[in-house]
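Participant: Structure: coords_34.txt, compact mmCIF, C-alpha atoms (C1' of nucleotides).
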```
# COMPACT_ATOMS: atom_id res chain seq x y z
CA MET A 142 26.77 -5.30 2.63
CA SER A 143 26.33 -4.03 6.22
CA GLU A 144 24.29 -0.86 5.71
CA PRO A 145 23.50 1.87 3.18
CA VAL A 146 26.15 4.32 4.49
CA ARG A 147 24.56 7.05 2.37
CA VAL A 148 27.70 7.92 0.45
CA SER A 149 25.71 9.92 -2.05
CA ILE A 150 27.23 12.14 -4.67
CA GLY A 151 24.06 14.13 -4.75
CA ARG A 152 21.90 11.93 -6.92
CA GLY A 153 21.49 8.16 -6.69
CA ASP A 154 24.60 7.52 -8.68
CA SER A 155 27.06 5.74 -6.42
CA ARG A 156 24.72 2.89 -5.55
CA ASP A 157 23.22 2.63 -8.98
CA PRO A 158 22.44 -1.08 -9.58
CA LYS A 159 23.75 -0.64 -13.09
CA ARG A 160 27.13 0.51 -11.84
CA PRO A 161 29.88 -2.05 -12.49
CA VAL A 162 31.67 -2.75 -9.25
CA TYR A 163 32.55 -6.41 -8.67
CA VAL A 164 35.53 -8.10 -10.25
CA ILE A 165 34.95 -11.67 -11.28
CA SER A 166 36.26 -13.34 -8.14
CA VAL A 167 33.94 -11.25 -5.96
CA ALA A 168 30.96 -11.76 -8.26
CA ALA A 169 31.63 -15.49 -8.27
CA SER A 170 31.69 -15.71 -4.51
CA ILE A 171 28.48 -13.68 -4.24
CA VAL A 172 26.56 -16.10 -6.39
CA SER A 173 28.53 -19.13 -5.21
CA VAL A 174 29.92 -20.35 -8.51
CA HIS A 175 33.32 -20.84 -10.01
CA PRO A 176 34.72 -17.85 -11.91
CA ARG A 177 35.00 -20.23 -14.83
CA THR A 178 31.23 -20.57 -14.80
CA LEU A 179 30.74 -16.82 -15.07
CA ARG A 180 33.00 -16.71 -18.11
CA ILE A 181 31.00 -19.51 -19.65
CA TYR A 182 27.79 -17.57 -19.11
CA GLU A 183 29.39 -14.60 -20.78
CA ASP A 184 30.58 -16.69 -23.74
CA ALA A 185 27.02 -17.92 -24.05
CA GLY A 186 25.79 -14.33 -24.20
CA LEU A 187 23.78 -14.58 -21.01
CA VAL A 188 25.58 -11.85 -19.08
CA CYS A 189 27.62 -8.93 -20.31
CA PRO A 190 29.66 -7.45 -17.48
CA ALA A 191 31.30 -4.11 -18.15
CA ARG A 192 35.06 -3.89 -18.58
CA THR A 193 37.61 -1.50 -17.19
CA PRO A 194 39.67 0.44 -19.74
CA THR A 195 42.24 -2.30 -19.20
CA ASN A 196 39.83 -5.16 -19.92
CA ILE A 197 38.96 -6.34 -16.42
CA ARG A 198 35.38 -7.61 -16.00
CA LEU A 199 33.19 -5.61 -13.62
CA TYR A 200 29.79 -6.95 -12.63
CA SER A 201 26.95 -4.65 -11.60
CA GLU A 202 24.15 -5.47 -9.18
CA ILE A 203 21.95 -6.11 -12.19
CA ASP A 204 24.51 -8.50 -13.65
CA ILE A 205 24.54 -10.35 -10.34
CA ARG A 206 20.77 -10.63 -10.33
CA ARG A 207 20.87 -11.94 -13.85
CA VAL A 208 23.36 -14.61 -12.87
CA MET A 209 21.15 -15.54 -9.93
CA TRP A 210 18.30 -16.11 -12.33
CA ILE A 211 20.50 -18.31 -14.44
CA ARG A 212 21.43 -20.31 -11.36
CA HIS A 213 17.83 -20.67 -10.30
CA LEU A 214 16.67 -21.75 -13.73
CA THR A 215 19.49 -24.23 -14.21
CA GLN A 216 19.89 -25.62 -10.68
CA ASN A 217 16.32 -25.56 -9.38
CA LEU A 218 14.29 -25.92 -12.53
CA GLY A 219 16.71 -27.97 -14.62
CA VAL A 220 16.67 -25.62 -17.60
CA ASN A 221 19.83 -25.62 -19.71
CA LEU A 222 21.62 -22.55 -21.02
CA ALA A 223 19.82 -22.67 -24.36
CA GLY A 224 16.53 -22.51 -22.48
CA VAL A 225 17.75 -19.63 -20.34
CA ARG A 226 18.71 -17.76 -23.47
CA ILE A 227 15.22 -18.17 -24.94
CA LEU A 228 13.60 -17.05 -21.70
CA PHE A 229 15.77 -13.95 -21.52
CA GLU A 230 15.08 -13.12 -25.16
CA LEU A 231 11.39 -13.63 -24.58
CA GLU A 232 11.49 -11.26 -21.65
CA GLU A 233 13.17 -8.65 -23.77
CA ARG A 234 10.83 -9.14 -26.71
CA LEU A 235 7.72 -9.02 -24.59
CA GLY A 236 9.06 -6.28 -22.37
CA THR A 237 7.67 -8.10 -19.35
CA ARG A 238 9.08 -9.61 -16.21
CA ILE A 239 7.85 -13.04 -17.25
CA LEU A 240 10.28 -14.83 -14.96
CA GLU A 241 8.94 -13.00 -11.94
CA ARG A 242 5.41 -13.85 -13.00
CA LEU A 243 6.40 -17.47 -12.81
CA TYR A 244 7.00 -16.93 -9.13
CA ASP A 245 3.91 -14.83 -8.60
CA GLU A 246 1.73 -17.59 -9.95
CA GLY A 247 3.81 -20.34 -8.40
CA VAL A 248 4.84 -22.34 -11.41
CA ASP A 249 8.03 -23.94 -10.20
CA ALA A 250 6.84 -25.26 -6.87
CA ALA A 251 3.72 -26.67 -8.44
CA ASP A 252 5.06 -28.54 -11.44
CA ALA A 253 8.80 -28.85 -11.46
CA ALA A 254 8.86 -29.89 -7.82
CA LYS A 255 12.20 -31.59 -7.82
CA SER A 256 14.80 -30.06 -5.56
CA ALA A 257 13.09 -26.71 -5.26
CA ASP A 258 13.28 -26.13 -1.55
CA GLU A 259 14.76 -22.72 -1.07
CA ALA A 260 15.63 -19.49 -2.84
CA PRO A 261 12.09 -18.52 -3.86
CA GLU A 262 13.41 -15.15 -4.94
CA PRO A 263 16.86 -14.83 -6.48
CA SER A 264 16.86 -11.05 -6.74
CA ALA A 265 19.79 -9.42 -5.03
CA SER A 266 18.39 -7.95 -1.82
CA THR A 267 18.64 -4.33 -2.95
CA ALA A 268 15.34 -4.82 -4.80
CA MET B 81 -7.95 -43.62 -45.47
CA SER B 82 -7.72 -42.61 -49.11
CA GLU B 83 -9.75 -39.42 -49.15
CA PRO B 84 -11.93 -37.19 -46.93
CA VAL B 85 -15.08 -39.18 -47.76
CA ARG B 86 -17.17 -36.41 -46.22
CA VAL B 87 -18.12 -38.39 -43.18
CA SER B 88 -19.51 -35.26 -41.59
CA ILE B 89 -21.83 -35.44 -38.68
CA GLY B 90 -23.29 -32.12 -39.65
CA ARG B 91 -20.85 -29.61 -38.16
CA GLY B 92 -17.05 -29.46 -38.52
CA ASP B 93 -16.60 -32.31 -36.12
CA SER B 94 -14.87 -35.03 -38.08
CA ARG B 95 -11.80 -32.95 -38.92
CA ASP B 96 -11.62 -31.16 -35.60
CA PRO B 97 -7.90 -30.66 -34.77
CA LYS B 98 -8.70 -31.62 -31.22
CA ARG B 99 -10.09 -34.97 -32.28
CA PRO B 100 -7.84 -37.89 -31.22
CA VAL B 101 -7.08 -39.99 -34.27
CA TYR B 102 -3.46 -41.20 -34.50
CA VAL B 103 -2.19 -44.21 -32.57
CA ILE B 104 1.35 -43.86 -31.32
CA SER B 105 3.11 -45.55 -34.23
CA VAL B 106 1.40 -43.24 -36.71
CA ALA B 107 2.03 -40.15 -34.60
CA ALA B 108 5.67 -41.14 -34.24
CA SER B 109 6.15 -41.52 -37.97
CA ILE B 110 4.46 -38.17 -38.63
CA VAL B 111 6.89 -36.31 -36.41
CA SER B 112 9.80 -38.64 -37.22
CA VAL B 113 10.64 -39.86 -33.75
CA HIS B 114 10.69 -43.16 -31.97
CA PRO B 115 7.45 -44.12 -30.21
CA ARG B 116 9.58 -44.36 -27.10
CA THR B 117 10.28 -40.67 -27.37
CA LEU B 118 6.59 -39.81 -27.43
CA ARG B 119 6.03 -41.82 -24.27
CA ILE B 120 8.89 -39.95 -22.64
CA TYR B 121 7.31 -36.63 -23.58
CA GLU B 122 4.10 -37.83 -22.03
CA ASP B 123 5.84 -38.95 -18.83
CA ALA B 124 7.38 -35.50 -18.68
CA GLY B 125 3.92 -33.96 -18.90
CA LEU B 126 4.58 -32.24 -22.20
CA VAL B 127 1.83 -33.95 -24.21
CA CYS B 128 -1.35 -35.62 -23.07
CA PRO B 129 -2.80 -37.74 -25.86
CA ALA B 130 -6.33 -39.02 -25.33
CA ARG B 131 -6.92 -42.70 -24.62
CA THR B 132 -9.45 -45.12 -26.00
CA PRO B 133 -11.70 -46.79 -23.44
CA THR B 134 -9.17 -49.62 -23.59
CA ASN B 135 -6.17 -47.43 -22.86
CA ILE B 136 -4.69 -46.96 -26.32
CA ARG B 137 -3.07 -43.55 -26.90
CA LEU B 138 -4.68 -41.39 -29.58
CA TYR B 139 -2.96 -38.21 -30.72
CA SER B 140 -4.89 -35.28 -32.15
CA GLU B 141 -3.66 -32.77 -34.69
CA ILE B 142 -3.03 -30.39 -31.81
CA ASP B 143 -1.01 -33.01 -29.97
CA ILE B 144 1.06 -33.49 -33.11
CA ARG B 145 1.71 -29.76 -33.38
CA ARG B 146 2.73 -29.68 -29.76
CA VAL B 147 5.23 -32.47 -30.33
CA MET B 148 6.57 -30.61 -33.35
CA TRP B 149 7.23 -27.63 -31.12
CA ILE B 150 9.06 -29.83 -28.68
CA ARG B 151 11.18 -31.20 -31.51
CA HIS B 152 11.96 -27.74 -32.80
CA LEU B 153 12.88 -26.39 -29.40
CA THR B 154 15.05 -29.37 -28.52
CA GLN B 155 16.64 -30.17 -31.88
CA ASN B 156 17.02 -26.74 -33.46
CA LEU B 157 17.33 -24.49 -30.42
CA GLY B 158 18.98 -26.91 -28.00
CA VAL B 159 16.45 -26.40 -25.23
CA ASN B 160 15.99 -29.35 -22.89
CA LEU B 161 12.67 -30.76 -21.73
CA ALA B 162 12.71 -28.72 -18.52
CA GLY B 163 13.00 -25.60 -20.64
CA VAL B 164 10.20 -26.72 -22.91
CA ARG B 165 8.02 -27.24 -19.88
CA ILE B 166 8.65 -23.71 -18.64
CA LEU B 167 7.91 -22.26 -22.07
CA PHE B 168 4.65 -24.17 -22.33
CA GLU B 169 3.63 -23.14 -18.83
CA LEU B 170 4.50 -19.56 -19.63
CA GLU B 171 2.37 -19.68 -22.73
CA GLU B 172 -0.56 -20.95 -20.72
CA ARG B 173 -0.06 -18.44 -17.93
CA LEU B 174 0.25 -15.50 -20.28
CA GLY B 175 -2.42 -16.77 -22.61
CA THR B 176 -0.28 -15.80 -25.57
CA ARG B 177 1.34 -17.61 -28.44
CA ILE B 178 4.78 -16.59 -27.25
CA LEU B 179 6.51 -19.34 -29.21
CA GLU B 180 5.03 -18.10 -32.46
CA ARG B 181 6.11 -14.59 -31.59
CA LEU B 182 9.64 -15.88 -31.41
CA TYR B 183 9.32 -16.74 -35.06
CA ASP B 184 7.56 -13.53 -36.01
CA GLU B 185 10.40 -11.50 -34.60
CA GLY B 186 13.05 -13.93 -35.77
CA VAL B 187 14.72 -14.87 -32.54
CA ASP B 188 16.07 -18.29 -33.40
CA ALA B 189 17.65 -17.53 -36.73
CA ALA B 190 19.27 -14.42 -35.32
CA ASP B 191 20.84 -15.68 -32.12
CA ALA B 192 20.77 -19.42 -31.79
CA ALA B 193 22.03 -19.89 -35.33
CA LYS B 194 23.50 -23.31 -34.91
CA SER B 195 21.92 -26.02 -37.02
CA ALA B 196 18.79 -24.06 -37.75
CA ASP B 197 18.51 -24.56 -41.48
CA GLU B 198 15.01 -25.77 -42.11
CA ALA B 199 11.61 -26.18 -40.52
CA PRO B 200 11.00 -22.48 -39.93
CA GLU B 201 7.43 -23.29 -38.97
CA PRO B 202 6.60 -26.51 -37.17
CA SER B 203 2.83 -26.11 -37.28
CA ALA B 204 1.01 -29.02 -38.82
CA SER B 205 0.11 -27.94 -42.34
CA THR B 206 -3.58 -27.60 -41.61
CA ALA B 207 -2.87 -24.08 -40.35
C1' DG C 173 57.18 -8.44 -7.04
C1' DA C 174 53.14 -10.77 -5.50
C1' DT C 175 48.40 -11.25 -6.38
C1' DA C 176 44.49 -11.30 -9.40
C1' DC C 177 43.02 -10.56 -13.71
C1' DT C 178 42.95 -12.03 -19.15
C1' DT C 179 42.30 -15.79 -22.95
C1' DG C 180 42.56 -20.53 -24.62
C1' DA C 181 42.93 -25.26 -23.99
C1' DC C 182 42.09 -29.68 -21.87
C1' DA C 183 39.73 -32.88 -18.81
C1' DA C 184 36.68 -35.22 -15.31
C1' DT C 185 32.18 -35.58 -13.38
C1' DG C 186 27.46 -36.22 -13.49
C1' DG C 187 23.22 -35.46 -15.92
C1' DT C 188 19.95 -35.33 -20.10
C1' DA C 189 17.98 -36.74 -24.69
C1' DT C 190 17.13 -40.18 -27.80
C1' DT C 191 16.96 -44.53 -29.57
C1' DG C 192 16.61 -49.26 -28.86
C1' DT C 193 15.35 -53.69 -26.85
C1' DC C 194 13.22 -57.21 -23.87
C1' DA C 195 9.47 -59.16 -21.15
C1' DG C 196 4.71 -60.06 -19.83
C1' DG C 197 0.24 -58.65 -20.71
C1' DT C 198 -3.96 -56.53 -23.37
C1' DT C 199 -6.35 -54.93 -27.59
C1' DT C 200 -7.53 -55.17 -32.40
C1' DC C 201 -8.24 -57.09 -36.70
C1' DT C 202 -8.67 -60.75 -39.93
C1' DA D 105 -7.57 -68.42 -32.88
C1' DG D 106 -3.45 -66.04 -34.30
C1' DA D 107 -0.79 -62.16 -35.90
C1' DA D 108 0.24 -57.43 -35.25
C1' DA D 109 0.23 -53.41 -32.49
C1' DC D 110 -0.68 -51.57 -28.27
C1' DC D 111 0.42 -51.16 -22.89
C1' DT D 112 3.96 -50.64 -18.73
C1' DG D 113 8.43 -50.96 -16.69
C1' DA D 114 13.15 -51.89 -16.90
C1' DC D 115 17.77 -51.68 -18.68
C1' DA D 116 21.29 -49.89 -21.70
C1' DA D 117 24.21 -47.37 -25.25
C1' DT D 118 25.24 -43.13 -27.45
C1' DA D 119 26.20 -38.56 -27.62
C1' DC D 120 25.98 -34.13 -25.92
C1' DC D 121 25.70 -30.41 -21.96
C1' DA D 122 26.85 -28.07 -17.36
C1' DT D 123 30.02 -27.31 -13.94
C1' DT D 124 34.21 -27.39 -11.80
C1' DG D 125 38.99 -27.51 -12.06
C1' DT D 126 43.65 -26.84 -13.77
C1' DC D 127 47.61 -25.24 -16.64
C1' DA D 128 50.09 -21.84 -19.35
C1' DA D 129 51.53 -17.30 -20.97
C1' DG D 130 50.50 -12.71 -20.66
C1' DT D 131 48.65 -8.09 -18.51
C1' DA D 132 46.99 -5.21 -14.54
C1' DT D 133 46.96 -3.66 -9.84
C1' DC D 134 48.80 -2.69 -5.29
```
I need this file expressed as structure tokens, please.
Facilitator:
Amino acid sequence: MSEPVRVSIGRGDSRDPKRPVYVISVAASIVSVHPRTLRIYEDAGLVCPARTPTNIRLYSEIDIRRVMWIRHLTQNLGVNLAGVRILFELEERLGTRILERLYDEGVDAADAAKSADEAPEPSASTA
Amino acid sequence: MSEPVRVSIGRGDSRDPKRPVYVISVAASIVSVHPRTLRIYEDAGLVCPARTPTNIRLYSEIDIRRVMWIRHLTQNLGVNLAGVRILFELEERLGTRILERLYDEGVDAADAAKSADEAPEPSASTA
DNA sequence: GATACTTGACAATGGTATTGTCAGGTTTCT
DNA sequence: AGAAACCTGACAATACCATTGTCAAGTATC
């Protein structure tokens, strides 16, 4: 996470945000949760990390971002996992970044002003 | 209270779904919840029944429908009130009946198949 | 072989949802 | 006037959810 390094295999393949790279312990430390929590999210169908041929979970940048959204929705906005599921489904169904629009129009800060102090944008840097 | 009576003030005003008509005990029995629960929903900003000049709550048909959505989301889909709030806000922001679209495309039945057996359409009859 | 992963189970903590009640006061209806 | 239903605010019990944490037995990686 120091700098791009420009490894490049020719096309933007090595740093593809969809590429599964983090094992669960690393992913957990990135988003600051217990590995147990990540497994729970997976059981709930909220994240689907890839697996190595030998069944080890590998989280991509996109998976990480998804988990960050879950954290934001649950910790800052007080939504439970069932609510997160609906929101994700809605986003898929509508094919829109509805969650991001919540930020753009400032929904959280305005109404659910509870402990919302920081993290106004849970996307993993590489945006 | 036995029949329509055709009160009519000329235009469709008497049966306007926005017209506040039910006191809390009646509203509560219609949606099968404790009056306490309706006050909680109001405190949470999820419903805003009108008030008489002397401060008595009066729920409209629309308020009733709104409460029915809350009940469906919480009881059948397991969403908490924070989640309901977000969904309502989203619906306002997007200016779309996103909740209804969930039904149209069968989200609940498909994924959150838990205790979802009945009430596949919580709109108050008068649809 | 040591370290980290896998699943499955069990548990403790703190929080939420709902119902329920009680008290003191106001409104409504008969 | 008096009964019944409303108001607010408080307090509480129940049951369920989210998160963290651990333990055990087994597999993968270095």
Participant: Using 9 Å as the limit and counting only C-alpha atoms (C1' of nucleotides), can you tabulate each residue of chain B that touches chain D, with its shortest atom-to-atom distance in Å and the two atoms involved, as JSON lines?
Facilitator:
```
{"residue": "B:Val103", "atom": "CA", "partner": "D:DC110", "partner_atom": "C1'", "distance": 8.7}
{"residue": "B:Ile104", "atom": "CA", "partner": "D:DC110", "partner_atom": "C1'", "distance": 8.5}
{"residue": "B:Ser105", "atom": "CA", "partner": "D:DA109", "partner_atom": "C1'", "distance": 8.5}
{"residue": "B:Asn135", "atom": "CA", "partner": "D:DC111", "partner_atom": "C1'", "distance": 7.6}
{"residue": "B:Ile136", "atom": "CA", "partner": "D:DC110", "partner_atom": "C1'", "distance": 6.4}
{"residue": "B:Arg137", "atom": "CA", "partner": "D:DC110", "partner_atom": "C1'", "distance": 8.5}
```
Participant: Per residue of chain A within 10 Å of chain B, which atom pair is closest and at what distance in Å (one decimal), using only C-alpha atoms, listed by chain and increasing number, as CSV?
Facilitator:
```
residue,atom,partner,partner_atom,distance
A:Gly186,CA,B:Asp191,CA,9.4
A:Leu214,CA,B:Gly163,CA,8.7
A:Thr215,CA,B:Ala162,CA,9.2
A:Leu218,CA,B:Ala162,CA,6.8
A:Gly219,CA,B:Ala162,CA,5.6
A:Val220,CA,B:Gly163,CA,4.8
A:Asn221,CA,B:Asn160,CA,6.2
A:Leu222,CA,B:Val159,CA,7.7
A:Ala223,CA,B:Val159,CA,5.1
A:Gly224,CA,B:Val159,CA,4.8
A:Val225,CA,B:Gly163,CA,7.6
A:Arg226,CA,B:Ala192,CA,8.7
A:Ile227,CA,B:Val187,CA,8.3
A:Leu228,CA,B:Leu167,CA,7.7
A:Glu230,CA,B:Val187,CA,7.6
A:Leu231,CA,B:Leu182,CA,7.4
A:Arg234,CA,B:Glu185,CA,8.2
A:Leu235,CA,B:Ile178,CA,8.5
A:Ile239,CA,B:Leu170,CA,7.7
A:Leu240,CA,B:Leu170,CA,8.8
A:Arg242,CA,B:Arg173,CA,8.7
A:Leu243,CA,B:Leu170,CA,7.4
A:Glu246,CA,B:Arg173,CA,8.2
A:Val248,CA,B:Glu169,CA,7.6
A:Asp249,CA,B:Ile166,CA,8.5
A:Asp252,CA,B:Arg165,CA,9.0
A:Ala253,CA,B:Ala162,CA,8.1
```
Participant: For C-alpha atoms, I'd like the residues from the last selection saved as a CSV table (one decimal), in the frame of the given file.
Facilitator:
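See selection24.csv below for the written result:
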```csv
chain,number,residue,atom,x,y,z
A,186,GLY,CA,25.8,-14.3,-24.2
A,214,LEU,CA,16.7,-21.8,-13.7
A,215,THR,CA,19.5,-24.2,-14.2
A,218,LEU,CA,14.3,-25.9,-12.5
A,219,GLY,CA,16.7,-28.0,-14.6
A,220,VAL,CA,16.7,-25.6,-17.6
A,221,ASN,CA,19.8,-25.6,-19.7
A,222,LEU,CA,21.6,-22.6,-21.0
A,223,ALA,CA,19.8,-22.7,-24.4
A,224,GLY,CA,16.5,-22.5,-22.5
A,225,VAL,CA,17.8,-19.6,-20.3
A,226,ARG,CA,18.7,-17.8,-23.5
A,227,ILE,CA,15.2,-18.2,-24.9
A,228,LEU,CA,13.6,-17.0,-21.7
A,230,GLU,CA,15.1,-13.1,-25.2
A,231,LEU,CA,11.4,-13.6,-24.6
A,234,ARG,CA,10.8,-9.1,-26.7
A,235,LEU,CA,7.7,-9.0,-24.6
A,239,ILE,CA,7.8,-13.0,-17.2
A,240,LEU,CA,10.3,-14.8,-15.0
A,242,ARG,CA,5.4,-13.8,-13.0
A,243,LEU,CA,6.4,-17.5,-12.8
A,246,GLU,CA,1.7,-17.6,-10.0
A,248,VAL,CA,4.8,-22.3,-11.4
A,249,ASP,CA,8.0,-23.9,-10.2
A,252,ASP,CA,5.1,-28.5,-11.4
A,253,ALA,CA,8.8,-28.8,-11.5
```
Participant: For the atom pair CA of Arg212 in chain A and CA of Tyr200 in chain A, what is the interatomic distance in Å to one decimal place?
Facilitator: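 Going from CA of Arg212 in chain A over to CA of Tyr200 in chain A covers 15.8 Å.
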Participant: Using all atoms listed in the file, select each residue of chain C with any atom at most 9 Å away from an atom of chain B, and give the selection as a list in words.
Facilitator: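 Contact residues on the first chain: DT188, DA189, DT190, DT191, DG192, DT198 and DT199 of chain C.
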Participant: Which distance in Å separates CA of Asp184 in chain A and CA of Arg206 in chain A, to one decimal?
Facilitator: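 Distance between the two atoms: 17.7 Å.
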Participant: Go ahead and find all residues with at least one atom no further than 9 Å from (-3.2, -30.4, -33.4) in the file's coordinates, using all atoms listed in the file; report them as a ChimeraX atom specification.
Facilitator: /B:96-99,139-146,203-204,206
